[in-house]
Structure formats: structure tokens, C-alpha cells
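Below is final-v1.txt, holding compact mmCIF, C-alpha atoms.
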# COMPACT_ATOMS: atom_id res chain seq x y z
CA MET A 1 -49.95 -50.97 16.79
CA ARG A 2 -52.82 -48.71 17.60
CA VAL A 3 -52.68 -45.08 16.50
CA SER A 4 -54.99 -42.69 18.25
CA THR A 5 -57.11 -40.22 16.36
CA ASN A 6 -55.28 -37.38 18.14
CA THR A 7 -51.95 -38.66 16.87
CA VAL A 8 -53.28 -38.86 13.34
CA TYR A 9 -54.37 -35.23 13.48
CA GLU A 10 -51.15 -34.00 15.07
CA GLN A 11 -48.92 -35.82 12.58
CA GLY A 12 -50.97 -34.64 9.66
CA VAL A 13 -50.82 -30.99 10.78
CA PHE A 14 -47.08 -31.32 11.48
CA ASN A 15 -46.38 -32.64 7.98
CA ILE A 16 -48.40 -29.85 6.39
CA LEU A 17 -46.64 -27.16 8.46
CA GLN A 18 -43.23 -28.64 7.63
CA GLY A 19 -44.09 -28.55 3.96
CA GLN A 20 -45.25 -24.95 4.24
CA SER A 21 -42.06 -24.00 6.07
CA ARG A 22 -39.84 -25.54 3.40
CA LEU A 23 -41.92 -23.89 0.69
CA LEU A 24 -41.74 -20.46 2.34
CA LYS A 25 -37.98 -20.75 2.79
CA THR A 26 -37.50 -21.59 -0.88
CA GLN A 27 -39.71 -18.63 -1.78
CA ASP A 28 -37.56 -16.35 0.42
CA GLN A 29 -34.41 -17.62 -1.29
CA ILE A 30 -35.90 -16.96 -4.72
CA SER A 31 -37.12 -13.47 -3.78
CA THR A 32 -33.73 -12.43 -2.28
CA GLY A 33 -31.54 -14.33 -4.70
CA ARG A 34 -29.58 -15.69 -1.74
CA ARG A 35 -28.95 -19.32 -0.93
CA VAL A 36 -27.70 -18.58 2.59
CA LEU A 37 -30.27 -16.55 4.50
CA THR A 38 -29.13 -17.46 8.02
CA PRO A 39 -25.90 -19.02 9.35
CA ALA A 40 -27.87 -22.22 9.95
CA ASP A 41 -28.39 -22.65 6.20
CA ASP A 42 -24.62 -23.17 5.63
CA PRO A 43 -22.41 -22.37 8.64
CA VAL A 44 -19.12 -22.67 6.72
CA ALA A 45 -20.31 -20.49 3.82
CA ALA A 46 -21.87 -17.95 6.20
CA SER A 47 -18.62 -17.63 8.16
CA ARG A 48 -16.54 -17.24 5.02
CA ALA A 49 -19.02 -14.74 3.54
CA LEU A 50 -18.72 -12.61 6.69
CA GLU A 51 -14.92 -12.53 6.36
CA VAL A 52 -15.14 -11.61 2.68
CA SER A 53 -17.76 -8.92 3.42
CA GLN A 54 -15.52 -7.36 6.05
CA SER A 55 -12.55 -7.35 3.66
CA GLN A 56 -14.76 -5.83 0.98
CA ALA A 57 -15.87 -3.06 3.35
CA VAL A 58 -12.24 -2.23 4.24
CA ASN A 59 -11.32 -2.20 0.55
CA ALA A 60 -14.25 0.14 -0.15
CA GLN A 61 -12.94 2.51 2.51
CA TYR A 62 -9.52 2.48 0.83
CA MET A 63 -11.21 3.48 -2.44
CA ARG A 64 -13.02 6.35 -0.69
CA ASN A 65 -9.71 7.40 0.86
CA ALA A 66 -8.13 7.31 -2.59
CA ASP A 67 -10.83 9.67 -3.86
CA SER A 68 -10.08 12.09 -1.00
CA ALA A 69 -6.34 11.81 -1.60
CA GLU A 70 -6.78 12.41 -5.32
CA SER A 71 -8.77 15.58 -4.65
CA ALA A 72 -6.15 16.93 -2.21
CA ILE A 73 -3.25 16.02 -4.51
CA ALA A 74 -4.98 17.73 -7.43
CA LEU A 75 -5.21 20.91 -5.34
CA GLN A 76 -1.52 20.65 -4.47
CA GLU A 77 -0.62 20.18 -8.11
CA GLU A 78 -2.73 23.17 -9.13
CA ALA A 79 -1.14 25.38 -6.45
CA LEU A 80 2.40 24.31 -7.35
CA THR A 81 1.70 24.83 -11.05
CA ARG A 82 0.55 28.38 -10.29
CA TYR A 83 3.73 28.85 -8.25
CA THR A 84 5.80 27.66 -11.23
CA ARG A 85 4.13 30.16 -13.54
CA LEU A 86 4.64 32.91 -10.96
CA LEU A 87 8.38 32.20 -10.71
CA GLN A 88 8.70 32.16 -14.48
CA ASP A 89 6.87 35.49 -14.72
CA VAL A 90 9.13 37.01 -12.06
CA LYS A 91 12.22 35.77 -13.91
CA THR A 92 10.93 37.41 -17.09
CA LEU A 93 10.34 40.70 -15.27
CA ALA A 94 13.84 40.52 -13.78
CA VAL A 95 15.30 40.04 -17.26
CA ASN A 96 13.30 43.01 -18.52
CA ALA A 97 14.57 45.11 -15.60
CA GLY A 98 18.13 44.41 -16.76
CA ASN A 99 17.59 46.57 -19.83
CA GLY A 100 19.96 49.45 -19.25
CA ALA A 101 17.76 51.78 -21.28
CA LEU A 102 14.92 51.70 -18.71
CA SER A 103 14.30 54.82 -16.67
CA SER A 104 13.84 54.89 -12.89
CA ARG A 105 10.08 55.28 -13.38
CA GLU A 106 9.93 52.20 -15.62
CA LEU A 107 11.89 50.20 -13.06
CA LYS A 108 9.46 51.32 -10.37
CA ASN A 109 6.58 50.15 -12.58
CA ILE A 110 8.19 46.70 -12.77
CA ALA A 111 8.60 46.79 -8.99
CA SER A 112 4.91 47.59 -8.64
CA GLU A 113 4.03 44.57 -10.81
CA LEU A 114 6.33 42.41 -8.71
CA ARG A 115 4.53 43.64 -5.59
CA GLY A 116 1.36 42.12 -7.03
CA ARG A 117 3.24 38.87 -7.65
CA TYR A 118 4.38 38.96 -4.01
CA ASP A 119 0.77 39.15 -2.83
CA GLU A 120 -0.15 36.33 -5.21
CA LEU A 121 2.70 34.25 -3.77
CA MET A 122 1.30 34.71 -0.26
CA GLY A 123 -2.06 33.46 -1.52
CA ILE A 124 -0.50 30.36 -3.08
CA ALA A 125 1.49 29.57 0.06
CA ASN A 126 -1.71 29.79 2.14
CA THR A 127 -3.88 27.66 -0.17
CA THR A 128 -6.62 25.61 1.53
CA ASP A 129 -8.46 22.47 0.47
CA SER A 130 -12.23 21.91 0.31
CA ASN A 131 -12.29 21.33 4.08
CA GLY A 132 -10.55 24.62 4.83
CA LEU A 133 -7.26 22.90 5.78
CA TYR A 134 -4.02 24.54 4.64
CA LEU A 135 -2.03 22.50 2.12
CA PHE A 136 1.39 23.79 3.15
CA SER A 137 1.26 23.79 6.95
CA GLY A 138 2.37 20.21 7.65
CA TYR A 139 0.29 18.54 10.35
CA GLN A 140 -1.15 21.91 11.44
CA GLY A 141 -3.92 21.94 8.85
CA SER A 142 -5.98 24.56 10.67
CA THR A 143 -3.01 26.92 11.18
CA LYS A 144 -2.31 29.58 8.55
CA PRO A 145 1.27 28.74 7.58
CA PHE A 146 2.68 32.07 6.33
CA MET A 147 2.22 35.57 7.72
CA GLU A 148 4.26 38.73 7.44
CA THR A 149 5.94 39.80 10.68
CA SER A 150 7.21 42.99 8.99
CA PRO A 151 7.33 44.19 5.37
CA GLY A 152 9.20 41.56 3.39
CA GLN A 153 9.72 39.32 6.43
CA VAL A 154 7.53 36.21 6.41
CA ALA A 155 7.34 33.69 9.24
CA TYR A 156 6.25 30.06 8.95
CA TYR A 157 3.78 28.83 11.58
CA GLY A 158 3.27 25.29 10.36
CA ASP A 159 5.42 22.28 11.19
CA GLU A 160 7.62 19.77 9.37
CA GLY A 161 5.02 16.99 9.08
CA LYS A 162 2.94 15.65 6.21
CA ARG A 163 -0.70 14.67 6.66
CA LEU A 164 -1.22 11.17 5.30
CA ILE A 165 -4.21 9.27 3.91
CA GLN A 166 -4.12 5.48 3.81
CA ILE A 167 -5.02 4.25 0.33
CA GLY A 168 -4.01 0.62 0.78
CA PRO A 169 -3.16 -1.98 3.43
CA SER A 170 0.44 -0.78 3.57
CA ARG A 171 0.52 2.55 1.74
CA ASP A 172 -0.13 6.11 2.86
CA VAL A 173 0.23 9.15 0.61
CA PRO A 174 0.84 12.72 1.79
CA VAL A 175 -1.92 15.25 1.21
CA SER A 176 -0.02 18.21 2.66
CA PHE A 177 3.55 19.49 2.66
CA SER A 178 5.72 21.50 4.97
CA GLY A 179 5.67 25.01 3.56
CA ALA A 180 9.22 25.47 4.81
CA ASP A 181 10.41 22.82 2.34
CA VAL A 182 8.56 24.42 -0.56
CA PHE A 183 8.96 28.16 -0.01
CA GLN A 184 11.69 28.72 2.57
CA ARG A 185 14.51 26.19 2.24
CA VAL A 186 15.76 27.55 -1.07
CA ARG A 187 19.50 27.53 -1.57
CA ASP A 188 20.96 30.87 -2.55
CA GLY A 189 23.75 31.55 -5.02
CA ASN A 190 24.45 28.60 -7.29
CA GLY A 191 23.45 26.18 -4.56
CA THR A 192 27.05 25.63 -3.40
CA PHE A 193 28.43 29.12 -2.92
CA VAL A 194 27.27 32.72 -3.25
CA THR A 195 29.05 35.50 -5.07
CA ALA A 196 28.21 39.12 -4.30
CA ALA A 197 29.51 42.58 -5.02
CA SER A 198 30.16 44.92 -2.11
CA ALA A 199 27.54 47.62 -1.64
CA THR A 200 30.35 50.22 -1.56
CA ASN A 201 31.79 49.35 -4.97
CA VAL A 202 32.00 52.28 -7.35
CA GLY A 203 33.28 50.46 -10.45
CA THR A 204 31.31 48.57 -13.06
CA GLY A 205 32.44 45.06 -12.14
CA VAL A 206 29.74 42.38 -12.43
CA ILE A 207 30.34 38.93 -10.94
CA THR A 208 28.85 35.66 -12.18
CA ALA A 209 27.28 32.95 -10.03
CA GLY A 210 30.30 30.71 -10.61
CA SER A 211 30.54 26.95 -10.78
CA VAL A 212 32.04 24.02 -8.90
CA ARG A 213 34.97 22.54 -10.78
CA ASP A 214 35.98 19.95 -8.17
CA ARG A 215 33.35 18.96 -5.58
CA ALA A 216 35.85 17.01 -3.45
CA ALA A 217 38.16 20.02 -3.24
CA TRP A 218 35.30 22.30 -2.22
CA ASP A 219 34.11 19.83 0.44
CA ALA A 220 37.61 19.27 1.86
CA LEU A 221 37.93 19.94 5.60
CA GLY A 222 40.59 22.61 5.16
CA ASN A 223 38.49 24.77 2.85
CA PRO A 224 37.61 28.05 4.62
CA LYS A 225 34.81 28.64 2.03
CA ASN A 226 34.88 32.39 2.68
CA PHE A 227 36.87 34.51 0.28
CA GLU A 228 37.15 38.12 -0.85
CA ILE A 229 38.40 39.30 -4.21
CA ARG A 230 40.12 42.68 -3.81
CA PHE A 231 40.94 44.97 -6.74
CA ALA A 232 43.65 47.56 -7.19
CA VAL A 233 43.89 49.90 -10.18
CA ASP A 234 47.28 51.44 -11.08
CA SER A 235 46.44 54.60 -13.03
CA SER A 236 50.10 55.50 -13.52
CA THR A 237 50.34 53.12 -16.45
CA VAL A 238 48.80 53.64 -19.84
CA PRO A 239 46.42 52.01 -20.06
CA ALA A 240 45.68 51.60 -16.35
CA THR A 241 46.51 48.17 -14.93
CA THR A 242 43.94 46.35 -12.79
CA THR A 243 45.14 43.57 -10.49
CA TYR A 244 43.37 41.44 -7.91
CA ASP A 245 43.99 39.29 -4.87
CA ILE A 246 42.00 36.43 -3.33
CA VAL A 247 41.85 36.64 0.45
CA ASP A 248 40.90 33.86 2.85
CA THR A 249 38.73 35.94 5.19
CA VAL A 250 38.53 33.19 7.83
CA ASN A 251 42.29 33.07 8.38
CA ASN A 252 42.95 36.60 7.05
CA VAL A 253 45.62 35.53 4.60
CA SER A 254 46.24 36.24 0.93
CA LEU A 255 45.95 33.03 -1.06
CA THR A 256 48.12 34.39 -3.87
CA THR A 257 51.05 35.35 -1.60
CA GLY A 258 50.57 33.32 1.55
CA LEU A 259 51.05 36.52 3.56
CA ALA A 260 48.75 38.89 5.41
CA PRO A 261 46.54 40.91 3.04
CA ALA A 262 48.22 44.07 1.81
CA ALA A 263 47.55 46.96 -0.53
CA GLY A 264 47.92 46.49 -4.28
CA PRO A 265 49.20 46.00 -6.82
CA TYR A 266 48.43 42.28 -6.52
CA PRO A 267 50.03 39.31 -8.23
CA ARG A 268 47.21 38.52 -10.65
CA THR A 269 46.29 40.77 -13.55
CA TYR A 270 42.59 41.22 -14.19
CA THR A 271 41.01 40.56 -17.58
CA SER A 272 37.32 41.35 -17.98
CA GLY A 273 35.23 38.18 -18.38
CA ALA A 274 38.15 35.79 -17.78
CA ALA A 275 37.68 32.95 -15.32
CA ILE A 276 39.02 33.50 -11.81
CA PRO A 277 39.94 30.09 -10.39
CA VAL A 278 40.25 29.76 -6.61
CA SER A 279 43.35 27.65 -7.04
CA THR A 280 47.10 28.18 -7.37
CA GLN A 281 48.20 29.99 -10.53
CA ALA A 282 51.99 29.93 -10.53
CA PRO A 283 53.10 32.20 -11.96
CA PRO A 284 52.00 34.83 -11.02
CA ASP A 285 51.09 33.56 -7.50
CA THR A 286 54.01 33.60 -5.06
CA ASN A 287 52.35 31.54 -2.31
CA PRO A 288 54.72 28.61 -1.58
CA VAL A 289 51.78 26.50 -0.40
CA PRO A 290 49.62 25.40 -3.34
CA PHE A 291 45.85 25.57 -2.89
CA ASP A 292 42.77 24.47 -4.82
CA TYR A 293 39.27 24.95 -3.48
CA GLY A 294 37.54 23.63 -6.59
CA ILE A 295 35.50 26.64 -7.75
CA ASP A 296 35.66 29.20 -10.55
CA PHE A 297 33.77 32.39 -11.36
CA ALA A 298 34.24 35.42 -13.56
CA ILE A 299 34.01 39.18 -13.22
CA SER A 300 33.32 41.46 -16.16
CA GLY A 301 33.41 45.22 -16.50
CA ALA A 302 35.83 47.62 -14.90
CA PRO A 303 36.18 47.31 -11.12
CA ALA A 304 37.45 50.43 -9.42
CA ASP A 305 40.40 50.65 -7.06
CA GLY A 306 39.32 49.18 -3.70
CA ASP A 307 36.27 47.36 -5.05
CA THR A 308 35.68 43.96 -3.47
CA PHE A 309 33.57 40.88 -4.16
CA ALA A 310 32.69 38.18 -1.64
CA VAL A 311 32.39 34.41 -1.99
CA THR A 312 30.57 32.59 0.84
CA PRO A 313 28.95 29.17 1.27
CA SER A 314 25.35 28.87 0.12
CA GLY A 315 22.71 29.08 2.79
CA THR A 316 18.93 29.16 2.49
CA LYS A 317 16.71 32.11 1.73
CA ASP A 318 12.95 32.03 1.45
CA ILE A 319 11.36 33.10 -1.79
CA PHE A 320 9.50 35.92 -0.03
CA ALA A 321 12.78 37.57 0.96
CA THR A 322 14.19 37.12 -2.55
CA LEU A 323 11.16 38.77 -4.11
CA ASP A 324 11.11 41.58 -1.55
CA GLU A 325 14.82 42.33 -2.10
CA LEU A 326 14.25 42.42 -5.85
CA ILE A 327 11.36 44.84 -5.42
CA THR A 328 13.41 47.08 -3.12
CA THR A 329 16.32 47.05 -5.60
CA LEU A 330 14.08 48.19 -8.44
CA GLU A 331 12.33 50.82 -6.31
CA THR A 332 15.67 52.39 -5.30
CA ALA A 333 17.42 52.08 -8.67
CA GLY A 334 18.70 55.28 -10.23
CA PRO A 335 20.75 56.58 -13.13
CA GLY A 336 24.52 56.30 -13.47
CA ALA A 337 27.04 53.56 -14.22
CA THR A 338 27.59 52.67 -10.55
CA LEU A 339 23.91 52.27 -9.78
CA ASN A 340 23.37 50.33 -13.01
CA THR A 341 26.17 47.96 -12.01
CA ARG A 342 24.67 47.44 -8.57
CA LEU A 343 21.32 46.76 -10.22
CA THR A 344 22.91 44.24 -12.58
CA ASN A 345 24.62 42.40 -9.72
CA ALA A 346 21.39 42.41 -7.70
CA LEU A 347 19.40 41.11 -10.67
CA ASN A 348 21.95 38.34 -11.24
CA THR A 349 21.69 37.34 -7.58
CA ALA A 350 17.89 37.36 -7.78
CA GLN A 351 17.92 35.26 -10.95
CA ASN A 352 20.08 32.63 -9.26
CA SER A 353 17.71 32.49 -6.27
CA LEU A 354 14.68 32.28 -8.57
CA ASP A 355 16.28 29.43 -10.50
CA ASN A 356 16.93 27.57 -7.25
CA ALA A 357 13.35 28.17 -6.09
CA LEU A 358 12.08 26.87 -9.41
CA ASP A 359 14.23 23.74 -9.05
CA VAL A 360 12.83 23.11 -5.55
CA ASN A 361 9.28 23.64 -6.76
CA LEU A 362 9.70 21.34 -9.75
CA THR A 363 11.11 18.65 -7.46
CA VAL A 364 8.07 18.90 -5.18
CA LEU A 365 5.75 19.01 -8.21
CA ALA A 366 7.35 15.81 -9.54
CA ALA A 367 6.76 14.14 -6.16
CA VAL A 368 3.11 15.23 -6.21
CA GLY A 369 2.75 13.77 -9.70
CA ALA A 370 4.23 10.49 -8.47
CA TYR A 371 1.73 10.44 -5.58
CA ALA A 372 -1.14 11.04 -8.01
CA LYS A 373 0.01 8.14 -10.17
CA GLU A 374 0.33 5.93 -7.12
CA VAL A 375 -3.22 6.76 -6.06
CA ASP A 376 -4.47 5.77 -9.52
CA ILE A 377 -2.57 2.48 -9.39
CA ASN A 378 -3.88 1.67 -5.91
CA ARG A 379 -7.45 2.55 -6.88
CA SER A 380 -7.23 0.29 -9.94
CA ALA A 381 -5.94 -2.54 -7.75
CA ALA A 382 -8.73 -1.90 -5.21
CA GLU A 383 -11.37 -2.02 -7.95
CA ASP A 384 -10.01 -5.35 -9.18
CA LEU A 385 -10.02 -6.64 -5.62
CA ASP A 386 -13.59 -5.47 -5.11
CA LEU A 387 -14.62 -7.50 -8.17
CA GLN A 388 -12.89 -10.55 -6.71
CA PHE A 389 -14.70 -10.09 -3.41
CA ALA A 390 -18.03 -9.77 -5.21
CA THR A 391 -17.31 -12.97 -7.15
CA GLN A 392 -16.42 -14.83 -3.94
CA LEU A 393 -19.56 -13.62 -2.19
CA SER A 394 -21.67 -14.65 -5.16
CA GLY A 395 -20.24 -18.15 -5.03
CA LEU A 396 -20.84 -18.40 -1.29
CA ARG A 397 -24.32 -16.85 -1.01
CA ASP A 398 -26.05 -16.56 -4.34
CA LEU A 399 -28.86 -18.87 -5.34
CA ASP A 400 -28.97 -21.35 -8.21
CA TYR A 401 -32.36 -20.33 -9.64
CA ALA A 402 -32.85 -23.47 -11.72
CA ASP A 403 -32.32 -25.68 -8.69
CA ALA A 404 -34.49 -23.45 -6.46
CA ILE A 405 -37.41 -23.33 -8.90
CA THR A 406 -37.28 -27.10 -9.37
CA ARG A 407 -37.23 -27.54 -5.62
CA LEU A 408 -40.13 -25.09 -5.21
CA THR A 409 -42.26 -27.07 -7.69
CA TYR A 410 -41.47 -30.32 -5.90
CA GLN A 411 -42.30 -28.77 -2.51
CA GLN A 412 -45.62 -27.45 -3.85
CA VAL A 413 -46.58 -30.93 -5.08
CA SER A 414 -45.52 -32.46 -1.76
CA LEU A 415 -47.54 -29.94 0.22
CA GLU A 416 -50.64 -30.46 -1.92
CA ALA A 417 -50.27 -34.25 -1.53
CA ALA A 418 -49.95 -33.90 2.24
CA GLN A 419 -53.04 -31.71 2.40
CA LYS A 420 -55.17 -34.03 0.23
CA SER A 421 -54.02 -37.18 2.03
CA PHE A 422 -54.86 -35.59 5.36
CA LEU A 423 -58.35 -34.82 4.15
CA ARG A 424 -58.83 -38.45 3.12
CA ILE A 425 -57.44 -39.82 6.35
CA GLN A 426 -59.65 -37.63 8.54
CA GLU A 427 -62.73 -39.02 6.74
CA LEU A 428 -61.93 -42.54 7.99
CA SER A 429 -64.35 -43.53 10.84
CA LEU A 430 -66.10 -46.67 12.11
CA PHE A 431 -69.36 -44.78 11.98
CA ALA A 432 -68.95 -44.43 8.23
CA LEU A 433 -69.54 -48.23 7.97
CA LEU A 434 -72.98 -48.17 9.70

How does the structure come out when it is put into C-alpha cells?
Amino acid sequence: MRVSTNTVYEQGVFNILQGQSRLLKTQDQISTGRRVLTPADDPVAASRALEVSQSQAVNAQYMRNADSAESAIALQEEALTRYTRLLQDVKTLAVNAGNGALSSRELKNIASELRGRYDELMGIANTTDSNGLYLFSGYQGSTKPFMETSPGQVAYYGDEGKRLIQIGPSRDVPVSFSGADVFQRVRDGNGTFVTAASATNVGTGVITAGSVRDRAAWDALGNPKNFEIRFAVDSSTVPATTTYDIVDTVNNVSLTTGLAPAAGPYPRTYTSGAAIPVSTQAPPDTNPVPFDYGIDFAISGAPADGDTFAVTPSGTKDIFATLDELITTLETAGPGATLNTRLTNALNTAQNSLDNALDVNLTVLAAVGAYAKEVDINRSAAEDLDLQFATQLSGLRDLDYADAITRLTYQQVSLEAAQKSFLRIQELSLFALL
């Protein structure tokens, strides 16, 4: 076989260039620390590394989302904690206002302090995050949720939604709340029913919030849930005798007699502080149809003839209205037993509403704490997953330095041998024999 001189040169150059190419590639691998520089180096590993890299990027975004969620939740927790302290301060002021020795001026001073708490409450309800979005406006983050429409009347302009941030493949956490749930949907009374003294009472009767003795009886379909306790005082006896009736105001019937309401004296004799059950007491009740609506309450003091007290189902009242009513009560309080009694009844009503608002707030605060814990758990899981992804990518792409350096040395020797052999071969010529 004859090999032309041209072929000898071409093959020699080709071998040298191939050796240089392999050497340069090994050098690139060593300098980058990567075994797979292009998909052609290892198609299977390159494809798998791309999948792992994409999953790692998504997981990294979840961790960034968790950081954002944690910041927003921390702001919620701080705002709700301030709200808790505010409610506790207002309760303390309401207790102080119940001191019968306080003058009208001192009560007005307490009202003035409560006015400052009212303004603080508006600030808490309109709290914003670092992006200027309102925490308690539902989905409407850019809408100011609470504004006064008239003194003491506050309207909610947000919605019922909760803005969510995804912190995991299948988990979103809320970073906003509906302000209506936090500040407006507060049950009044004891949460089941409301007791209240008539504004026209002239006696010193003070009614308690009452309690539910039998939930099933209260929830029964036939329960009218609207009652009036009417008092009659017979001054012809010594001492005077005070009796009372319980009237079903829906059907306009006396529960103690089963007849239409009439003037006193009534079947039941009043004892200050004794429980008044809304159920049959026979004797002295003469109603042939027994009844039991499952609730009790008490009235203390000395109700006057014609004084009345109402029992109605609990509704909802926003905390702004509760605070405004308390302020108005203290600003208009005056001397005298009747006014003191009205103040006491109003303070009792306010205390019940404040307790209910505090319960609602603590429930929301507990939920926020649970969300914060969940964010921590998800972040910890994401960090562990990120480590797994990094380990997988290292196994797929990273270079074995010992193998690469050994290969580099071998390739250097091969290249040098190819270069030297080419030099020797190109010296071969027939003219060299002459």
C-alpha cells in the first residue's frame, strides 16, 4: 500500500489536533469542576440534571415565597397583639369607670382617654405591609378597609377574601384577613343572647349577662327568643313587695300565666341577685303549659314599678360601635342613683362585648400563629429538599478530579508523542539517502 506524502501530513495534523481537543476539553472540565459541559458529553445525565435544576429553581421560589409570607404574617401578629393590648386597656378603663365614687368630670376624662384608644383602633384596623397593602381588607389590598361614615359609624370597604402565598407544591397560606371577621363580626351579649335594661328605668336594677343552661332548649324551634321582664312594686305592704313577670314579646303572652300581659302584681316574687330562670316555676307560675327555654340570668338592686329588662338573641356589633357607645355613655354620665344604674348596666354590656371581641381576636391570633409555624415547617422541608437537589446535581455533573487529572497527564503525554513522531516522520525522504 502506498501512502502519499499529503496523506502523511494530513493524518499527522489530524492526530495532533484531536489530542489538543481532548486536552482542552479535560482542562475545561477541571477549570469548571463539571464533568458534563454539553449534552453531548452525557445525554442521559444532562437531561436528568435539567429536570433536577428546574425542580431546584421552583423549590427556591417556594423558599422566597415563604420569606415573604413570614414577613406579612409577622406584621399581622404584631397588629393583632396591639389590638389585644388595646382591648385589655379598654376593659381596665371600663372597670375603673364603674367606681361609683367618680365624678362626672373624672368619667369624662376616662371617655377622653377612650377616644384616643378609638383612634388607635382605627390605625390598627388600617395597618399596611411593607408594600403598602392593607392587611385587613381581604383581596382588596390597595383599598383602605375602614373609614368613618359618621361619628362612631365605621364602614368596611374590603371584601371577604384572603390573599394567599404559595409556600409549597400544595400549600398556600393567607397573608391578609377580612377585616369584617376581625373587627365587625363580634357577637354581642354573652354570645347567645343579650340582656339590657330599658332606657326609661328609674330603679336601681342591674341585670347580668346570663348563661345558657340548656343549649337544646334554647335552640328549639318553638323558642321565641325575645322576652321582657316586667316589674311591679306594691308599696302598700311593709316592706314593699316587688314581683315580676316574663313576657314572650313575639306572641305577646305572659309565660308565667299563659295569658295576655297584664298589670302587676305578678306571680313571681323578686329577690335581689337571685337567678331568674326562663322556665316553668310551679308554684308560683299558673301557666298550664310548661315551658323551658334553657337560659338563666339575674337582676340585682331595686327595680322600680314599671321597670323592664329585655332579652333578645345575640347579633353582631363591630368593636368601633361598642367603643363609641362606651365613650358616649361616659360623656353623658351624671350624678344620682338612676344615672349610676344606667351607667352600670351600660358598662356591663360593654364589658361583655369587649370580652367577645377579645375572644374573636385571640382566635384569629391563634390562626396566625399556626400559619407562622406552618411556614417554618415548609421552609425547613424546602431547605432539606434543596440539599437533596444539590446532591443529585453533584452526582450528575460534578467532576472526579483524580480521574480528570490522571486523564490530563495521559493526554499530555499522548499529544507530545504525536508531535514528536510527526516531526520524525516528516524528516523521512528519498533525498536523505543521496

Query raised in the report: atom CA of Val206 of chain A and atom CA of Leu358 of chain A, how far apart in Å?
Result: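 The value is 23.7 Å.
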
Report summary line: Expressed in Å, the length from atom CA of Met122 of chain A to atom CA of Thr329 of chain A is 20.2 Å

Report task. Please measure the separation of atom CA of Arg230 of chain A and atom CA of Leu347 of chain A, giving the value in Å to one decimal. Result ->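 The value is 21.9 Å.
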
Would you write out, as CSV, a table of all residues in segment 290-323 of chain A that have an atom no more than 12 Å from an atom of segment 262-268 of chain A, listing for each the closest atom pair and the distance in Å to one decimal, considering only C-alpha atoms and ordering rows by chain and rising residue number?
residue,atom,partner,partner_atom,distance
A:Asp305,CA,A:Gly264,CA,9.0
A:Gly306,CA,A:Gly264,CA,9.0
A:Asp307,CA,A:Gly264,CA,11.7

Take the residues just selected and output them with C-alpha atoms as a compact mmCIF listing (two decimals), in the frame of the given file.
# COMPACT_ATOMS: atom_id res chain seq x y z
CA ASP A 305 40.40 50.65 -7.06
CA GLY A 306 39.32 49.18 -3.70
CA ASP A 307 36.27 47.36 -5.05

With a cut-off of 8 Å, could you pull out the residues of segment 41-140 of chain A touching segment 368-385 of chain A and give me the nearest pair of atoms for each, distance in Å to one decimal, using only C-alpha atoms, ordered by chain and ascending number, as CSV?
residue,atom,partner,partner_atom,distance
A:Asn59,CA,A:Ala382,CA,6.3
A:Ala60,CA,A:Ala382,CA,7.8
A:Tyr62,CA,A:Ala382,CA,7.5
A:Met63,CA,A:Arg379,CA,5.9
A:Ala66,CA,A:Val375,CA,6.0
A:Ala69,CA,A:Val375,CA,7.4
A:Glu70,CA,A:Ala372,CA,6.4
A:Ile73,CA,A:Ala372,CA,6.4
A:Ala74,CA,A:Ala372,CA,7.7
A:Gln76,CA,A:Val368,CA,7.3
A:Glu77,CA,A:Val368,CA,6.5

Report task. Name all residues at most 9 Å from Lys108 of chain A (count all atoms listed in the file; drop same-chain ones fewer than 4 positions away) and give them as a list in words. Result ->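 Close residues of Lys108 of chain A: Ser103, Ser104, Ser112, Glu113, Ile327, Leu330, Glu331, Thr332 and Ala333 of chain A.
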
Requested in this report: Using only C-alpha atoms, find the one residue out of A:Asp214, A:Pro261, A:Gly158, A:Leu326 that sits nearest to Arg342 of chain A.
Outcome: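 The shortest atom-to-atom distance to Arg342 of chain A comes from A:Leu326.
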
**Report entry** Pick from A:Tyr83, A:Tyr156, A:Tyr134, A:Tyr118 nearest to Arg185 of chain A, counting all atoms listed in the file
**Finding:**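 Nearest to Arg185 of chain A: A:Tyr156.
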
Query raised in the report: Using all atoms listed in the file, which of the listed residues (A:Leu323, A:Ile299, A:Asp67, A:Ala357) sits closest to Val173 of chain A?
Result: A:Asp67

Requested in this report: Select all residues near (6.4, 16.8, 5.1) (cut-off 10 Å, inclusive, file coordinates), counting only C-alpha atoms, and output them as a list in words.
Outcome: Phe136, Ser137, Gly138, Tyr139, Asp159, Glu160, Gly161, Lys162, Arg163, Leu164, Pro174, Val175, Ser176, Phe177, Ser178, Gly179, Ala180, Asp181 and Val182 of chain A

Query raised in the report: Which residue, A:Glu106, A:Glu78, A:Asp245, A:Asp292, has the smallest gap to Thr127 of chain A when you use all atoms listed in the file?
Result: A:Glu78

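The nearest approach to Phe297 of chain A among the residues A:Ala111, A:Ile167, A:Val194, A:Ala367, with all atoms listed in the file taken into account, belongs to A:Val194.
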
Query - Given only C-alpha atoms as the counted atoms, nearest of A:Ile246, A:Ala321, A:Leu87, A:Ala197 to Thr344 of chain A - result: A:Ala197

**Report entry** Polymer residues at most 12 Å from (12.6, 25.4, -7.3) by only C-alpha atoms, as JSON, numbers by chain
**Finding:** {"A": [80, 81, 83, 84, 85, 86, 87, 88, 181, 182, 183, 184, 185, 186, 187, 188, 191, 317, 318, 319, 351, 352, 353, 354, 355, 356, 357, 358, 359, 360, 361, 362, 363, 364, 365, 366]}
